[in-house]
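What follows is coords.txt (compact mmCIF, C-alpha atoms and all ligand atoms).
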# COMPACT_ATOMS: atom_id res chain seq x y z
CA MET A 19 138.06 -35.32 60.09
CA PHE A 20 140.42 -35.38 57.13
CA THR A 21 142.31 -38.48 56.13
CA VAL A 22 145.90 -37.23 56.09
CA THR A 23 148.67 -39.01 54.18
CA PRO A 24 152.34 -38.01 54.02
CA ILE A 25 153.98 -37.60 50.62
CA PRO A 26 157.72 -37.63 51.39
CA ALA A 27 159.83 -34.98 49.63
CA PHE A 28 163.50 -33.93 49.71
CA ASN A 29 165.42 -35.31 52.71
CA ASP A 30 162.95 -34.89 55.51
CA ASN A 31 159.88 -32.96 54.28
CA TYR A 32 156.33 -34.23 54.34
CA ILE A 33 153.82 -32.83 51.87
CA TRP A 34 150.51 -33.64 53.58
CA ALA A 35 147.77 -34.93 51.27
CA ILE A 36 144.37 -34.33 52.84
CA SER A 37 141.15 -35.94 51.72
CA ASN A 38 137.66 -36.83 52.86
CA PRO A 39 136.22 -40.35 52.62
CA GLY A 40 134.59 -41.11 49.31
CA ASN A 41 136.05 -38.04 47.64
CA SER A 42 138.29 -38.45 44.59
CA SER A 43 139.99 -35.08 45.16
CA ILE A 44 142.73 -34.12 47.59
CA ALA A 45 144.33 -30.93 48.81
CA VAL A 46 148.07 -30.72 49.52
CA VAL A 47 149.86 -28.72 52.18
CA ASP A 48 153.23 -27.12 51.32
CA PRO A 49 154.16 -28.84 48.04
CA GLY A 50 157.85 -27.93 47.86
CA ASP A 51 158.23 -30.34 44.96
CA ALA A 52 155.60 -31.07 42.29
CA LEU A 53 156.82 -34.47 41.11
CA PRO A 54 156.01 -36.56 44.21
CA VAL A 55 152.54 -34.95 44.28
CA LEU A 56 151.93 -35.67 40.59
CA ASN A 57 153.07 -39.27 41.09
CA TYR A 58 150.77 -39.64 44.10
CA LEU A 59 147.77 -38.25 42.18
CA GLN A 60 148.42 -40.59 39.28
CA GLU A 61 149.04 -43.69 41.40
CA HIS A 62 145.82 -43.21 43.35
CA ASN A 63 143.75 -41.84 40.47
CA LEU A 64 142.99 -38.59 42.30
CA GLU A 65 142.33 -34.97 41.31
CA LEU A 66 143.94 -31.98 42.96
CA ALA A 67 141.38 -29.61 44.53
CA ALA A 68 143.47 -27.06 46.43
CA ILE A 69 146.96 -26.09 47.58
CA LEU A 70 147.58 -24.82 51.13
CA ILE A 71 150.78 -22.87 51.82
CA THR A 72 152.04 -22.09 55.33
CA HIS A 73 154.98 -19.78 54.46
CA HIS A 74 157.21 -18.66 51.61
CA HIS A 75 160.24 -20.97 51.94
CA ASN A 76 161.05 -22.77 48.71
CA ASP A 77 160.86 -26.26 50.23
CA HIS A 78 157.18 -25.44 50.93
CA THR A 79 156.27 -23.61 47.73
CA GLY A 80 158.68 -24.82 45.01
CA GLY A 81 156.16 -27.17 43.39
CA VAL A 82 153.22 -24.76 43.23
CA ASN A 83 153.75 -23.28 39.76
CA GLU A 84 154.10 -26.69 38.12
CA LEU A 85 150.99 -27.99 39.90
CA THR A 86 148.85 -24.96 39.00
CA GLY A 87 150.08 -25.32 35.40
CA LYS A 88 148.34 -28.71 35.34
CA TYR A 89 145.45 -28.12 37.76
CA ASN A 90 143.40 -24.93 37.95
CA VAL A 91 143.12 -24.85 41.75
CA PRO A 92 143.12 -22.17 44.45
CA VAL A 93 146.41 -21.56 46.23
CA TYR A 94 145.81 -20.48 49.84
CA GLY A 95 148.55 -18.80 51.84
CA PRO A 96 149.51 -15.88 54.05
CA THR A 97 148.31 -12.45 52.99
CA ASN A 98 151.75 -10.91 53.60
CA SER A 99 153.79 -13.58 51.80
CA ARG A 100 156.67 -12.77 49.50
CA PHE A 101 155.77 -15.95 47.54
CA ASP A 102 153.81 -14.63 44.55
CA GLY A 103 151.86 -17.81 43.70
CA ILE A 104 149.12 -17.31 46.32
CA THR A 105 145.67 -16.66 44.84
CA LYS A 106 143.65 -16.75 48.10
CA PRO A 107 145.47 -14.65 50.71
CA LEU A 108 144.57 -15.42 54.34
CA LYS A 109 144.94 -13.80 57.75
CA THR A 110 143.94 -14.51 61.36
CA GLY A 111 140.21 -15.03 61.75
CA ASP A 112 139.65 -16.24 58.21
CA SER A 113 138.00 -19.63 57.59
CA ILE A 114 138.15 -21.60 54.36
CA GLN A 115 136.20 -24.54 53.02
CA VAL A 116 138.44 -27.29 51.69
CA LEU A 117 136.88 -30.53 50.41
CA GLY A 118 133.71 -29.65 52.34
CA SER A 119 135.46 -29.11 55.69
CA THR A 120 136.31 -25.87 57.47
CA LEU A 121 139.86 -24.79 58.26
CA LYS A 122 140.51 -21.84 60.59
CA ILE A 123 143.47 -19.59 59.90
CA GLN A 124 145.90 -18.16 62.46
CA GLU A 125 148.94 -16.01 61.74
CA VAL A 126 151.87 -17.58 63.60
CA PRO A 127 154.97 -15.55 62.60
CA GLY A 128 158.41 -16.25 64.07
CA HIS A 129 160.07 -18.73 61.71
CA THR A 130 159.15 -16.31 58.91
CA LEU A 131 157.00 -13.19 59.10
CA ASP A 132 154.41 -14.63 56.69
CA HIS A 133 153.61 -17.88 58.51
CA ILE A 134 150.02 -19.15 58.99
CA SER A 135 148.54 -22.37 60.39
CA TYR A 136 145.40 -24.23 59.38
CA PHE A 137 143.17 -25.74 62.08
CA SER A 138 140.32 -28.14 61.50
CA ASP A 139 138.04 -27.77 64.51
CA GLN A 140 136.13 -31.03 64.37
CA LYS A 141 135.47 -33.94 66.73
CA SER A 142 139.02 -35.08 65.96
CA PRO A 143 140.78 -31.73 65.47
CA GLN A 144 143.78 -31.40 63.18
CA LEU A 145 146.48 -28.74 62.84
CA PHE A 146 148.76 -28.03 59.87
CA CYS A 147 151.50 -25.85 61.27
CA GLY A 148 154.34 -25.83 58.71
CA ASP A 149 157.65 -24.89 60.32
CA THR A 150 156.37 -23.42 63.58
CA LEU A 151 155.58 -26.27 65.98
CA PHE A 152 157.50 -29.53 65.49
CA LEU A 153 157.38 -32.72 67.53
CA ALA A 154 159.44 -31.65 70.59
CA GLY A 155 160.68 -28.53 68.83
CA CYS A 156 159.92 -25.30 67.02
CA GLY A 157 161.12 -23.58 63.86
CA ARG A 158 164.24 -21.46 63.71
CA LEU A 159 163.69 -17.72 64.05
CA PHE A 160 164.79 -16.66 60.57
CA GLU A 161 162.68 -13.51 60.31
CA GLY A 162 160.64 -13.10 63.48
CA THR A 163 161.29 -12.75 67.21
CA ALA A 164 161.22 -15.09 70.20
CA GLU A 165 158.20 -13.16 71.44
CA GLN A 166 156.30 -13.85 68.20
CA MET A 167 157.13 -17.57 68.29
CA LEU A 168 156.13 -17.75 71.96
CA THR A 169 152.79 -16.15 71.01
CA ALA A 170 152.38 -18.86 68.37
CA MET A 171 153.18 -21.58 70.95
CA ASN A 172 150.55 -20.10 73.28
CA TYR A 173 147.96 -20.25 70.47
CA PHE A 174 148.84 -23.92 69.87
CA LYS A 175 148.72 -24.68 73.62
CA ALA A 176 145.14 -23.40 73.78
CA LEU A 177 143.95 -25.91 71.14
CA PRO A 178 142.37 -29.18 72.35
CA ASP A 179 144.89 -31.76 73.65
CA THR A 180 143.53 -34.28 71.15
CA THR A 181 144.49 -32.08 68.17
CA GLU A 182 146.66 -34.00 65.70
CA VAL A 183 149.74 -31.94 64.82
CA TYR A 184 151.03 -32.17 61.25
CA CYS A 185 154.32 -30.30 60.86
CA THR A 186 156.39 -30.32 57.70
CA HIS A 187 159.66 -31.97 58.75
CA GLU A 188 160.82 -35.25 60.23
CA TYR A 189 162.99 -33.63 62.91
CA SER A 190 161.58 -35.57 65.86
CA LEU A 191 164.60 -37.58 67.04
CA ALA A 192 167.00 -34.62 66.88
CA ASN A 193 164.45 -32.45 68.68
CA LEU A 194 163.89 -35.08 71.35
CA ALA A 195 167.65 -35.40 71.97
CA PHE A 196 167.66 -31.66 72.69
CA ALA A 197 164.49 -31.86 74.80
CA ALA A 198 166.18 -34.57 76.91
CA ALA A 199 169.19 -32.29 77.42
CA VAL A 200 166.88 -29.52 78.66
CA GLU A 201 164.82 -31.84 80.88
CA PRO A 202 166.86 -34.97 81.71
CA ASP A 203 164.28 -36.09 84.30
CA ASN A 204 161.22 -35.88 82.03
CA ALA A 205 160.04 -39.49 81.62
CA GLN A 206 157.61 -38.58 78.83
CA ILE A 207 160.54 -37.44 76.69
CA SER A 208 162.26 -40.84 77.20
CA THR A 209 159.05 -42.62 76.20
CA SER A 210 158.71 -40.45 73.08
CA ILE A 211 162.32 -41.20 72.10
CA GLN A 212 161.60 -44.95 72.31
CA ASN A 213 158.39 -44.59 70.27
CA CYS A 214 160.01 -42.43 67.60
CA GLU A 215 163.09 -44.68 67.32
CA ARG A 216 160.83 -47.68 66.75
CA LEU A 217 158.84 -45.81 64.06
CA ARG A 218 161.99 -44.63 62.28
CA GLU A 219 163.47 -48.16 62.34
CA GLU A 220 160.30 -49.20 60.47
CA SER A 221 160.76 -46.19 58.11
CA LYS A 222 157.46 -44.75 59.34
CA PRO A 223 156.79 -41.05 60.06
CA THR A 224 156.82 -40.06 63.73
CA LEU A 225 153.94 -37.71 62.93
CA PRO A 226 151.33 -36.62 63.67
CA SER A 227 152.08 -35.55 67.21
CA SER A 228 149.32 -34.14 69.40
CA ILE A 229 148.95 -30.91 71.35
CA GLY A 230 148.57 -32.98 74.54
CA GLN A 231 151.88 -34.73 73.87
CA GLU A 232 153.68 -31.50 72.96
CA LYS A 233 152.63 -29.92 76.25
CA GLN A 234 154.42 -32.82 77.99
CA ILE A 235 157.64 -33.02 75.95
CA ASN A 236 158.29 -29.85 73.96
CA PRO A 237 160.65 -27.41 75.74
CA PHE A 238 159.28 -24.54 73.62
CA MET A 239 155.79 -25.27 74.97
CA ARG A 240 157.13 -25.58 78.54
CA THR A 241 158.81 -22.22 79.13
CA GLN A 242 156.76 -21.74 82.32
CA HIS A 243 157.98 -25.06 83.72
CA GLU A 244 160.50 -24.85 86.56
CA ASP A 245 163.00 -27.33 85.08
CA VAL A 246 162.98 -25.56 81.70
CA ILE A 247 163.45 -22.13 83.33
CA LYS A 248 166.42 -23.47 85.34
CA ALA A 249 168.00 -25.05 82.27
CA ALA A 250 167.56 -21.82 80.29
CA GLN A 251 169.15 -19.81 83.11
CA GLN A 252 172.10 -22.21 83.24
CA PHE A 253 172.63 -21.88 79.49
CA SER A 254 172.31 -18.10 79.36
CA GLY A 255 173.96 -17.29 82.68
CA LYS A 256 171.06 -14.90 83.39
CA ALA A 257 168.79 -15.31 86.38
CA SER A 258 165.70 -13.87 84.70
CA GLY A 259 162.58 -16.02 84.64
CA ASP A 260 160.91 -13.77 82.05
CA GLU A 261 159.16 -16.17 79.70
CA VAL A 262 160.32 -14.48 76.48
CA GLU A 263 163.92 -14.57 77.72
CA VAL A 264 163.57 -18.23 78.71
CA PHE A 265 162.17 -19.01 75.28
CA ALA A 266 164.93 -17.05 73.51
CA SER A 267 167.64 -18.84 75.54
CA ILE A 268 166.23 -22.28 74.78
CA ARG A 269 165.96 -21.39 71.07
CA GLU A 270 169.58 -20.12 71.02
CA TRP A 271 170.75 -23.27 72.84
CA LYS A 272 168.99 -25.44 70.26
CA ASN A 273 170.73 -23.51 67.44
CA GLN A 274 174.07 -24.49 68.96
CA PHE A 275 173.11 -28.03 70.02
ZN ZN B 1 160.60 -22.81 56.55

Now that the file is in, can you turn its structure into structure tokens?
Amino acid sequence: MFTVTPIPAFNDNYIWAISNPGNSSIAVVDPGDALPVLNYLQEHNLELAAILITHHHNDHTGGVNELTGKYNVPVYGPTNSRFDGITKPLKTGDSIQVLGSTLKIQEVPGHTLDHISYFSDQKSPQLFCGDTLFLAGCGRLFEGTAEQMLTAMNYFKALPDTTEVYCTHEYSLANLAFAAAVEPDNAQISTSIQNCERLREESKPTLPSSIGQEKQINPFMRTQHEDVIKAAQQFSGKASGDEVEVFASIREWKNQF
């Protein structure tokens, strides 16, 4: 199990620093900005061993060139990315060794077409999912389709409930406000709002979430649930219970929320 530490960047991004006990090297996930990473390395007297990219957006990749100018490290990322700094292209079914631990790769397009996730399948599993799955939410569909994002959600749902979920943004409270609008009677959502409000008051990240928690609170993971289907039908004015249509309606509602 990796030790995972957030390096805050921009307004609400987390660059995840991952390490193993006793190791003086770290890997970073989605370094949109180099400076906070360089400061973190210096403050903790650490070396950079690898860079993991989930997708091409600049707030996930903007720091890569500066970091690789200082550290000669592999840059992992999607095989079909338009970001040209990737030196180790990855696709579904690939596994990589990072700091002595294995990460399994899955293509999870939807937010962008080049999106991958990294899954550490250990006793305490961990998932690095970029801008696909968020606490109580999912990424906007900038390039892909609702069907693709639903396929990604179904992959995440099949992971162990104990999997720690490390997404890239602190969007939890806004997502939970929307989740509560979709499912006003879901007590787990109310509990999560209380927990996240307390953490934010203490200026702490609300992450990681877990797959088990997301299955309880995340409307985009609950498109087979009766209350979510009804809410989607009310929003769209269509009676269809087709899961892709339900997902697309909830996503469109969130865009306007
Ligand atoms: Zn993005």

Nearest residue to Ser221 of chain A from the set A:Asp30, A:Pro49, A:Leu70, A:Tyr184 (distances using all atoms listed in the file):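 So, comparing all the options, the nearest one is A:Asp30.
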
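Using all atoms listed in the file, the nearest neighbour of Asn63 of chain A within the list A:Ser210, A:Ser267, A:Asn41, A:Ser99 is A:Asn41.
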
Best match for closeness to ligand ZN 1 (chain B) among A:Gln124, A:Asn38, A:Gln166, A:Thr186, counting all atoms listed in the file: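 Ranking A:Gln124, A:Asn38, A:Gln166, A:Thr186 by distance to ligand ZN 1 (chain B), first place goes to A:Thr186.
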
Atom-to-atom span, atom CA of Ala154 of chain A and atom CA of Ser190 of chain A, Å: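 It comes out at 6.5 Å.
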
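In this comparison, which uses only C-alpha atoms, the residue of A:Phe253, A:Phe137, A:Phe174, A:Tyr94 approaching Thr150 of chain A most closely is A:Phe174.
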
Env. residues ligand ZN 1 (chain B) / 12 Å / all atoms listed in the file / as a PyMOL selection string: chain A and resi 31+48+50+71-80+127-134+147-152+156-162+185-187

Among listed residues A:Ile33, A:Ala68, A:Ile268, A:Ile44, nearest Lys248 of chain A (using all atoms listed in the file):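 Between A:Ile33, A:Ala68, A:Ile268, A:Ile44, the residue approaching Lys248 of chain A most closely is A:Ile268.
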
As JSON, please report the centre and edge lengths, rounded to one decimal in Å, of the axis-aligned box that holds all listed atoms of segment 108-120 of chain A with 5 Å of padding on each of the six sides.
{"center_x": 139.3, "center_y": -22.2, "center_z": 56.1, "size_x": 21.2, "size_y": 26.7, "size_z": 21.3}

Surrounding residues of Ala52 of chain A excluding itself and chain neighbours under 2 positions, 6 Å, all atoms listed in the file, as a ChimeraX atom specification: /A:54-55,81
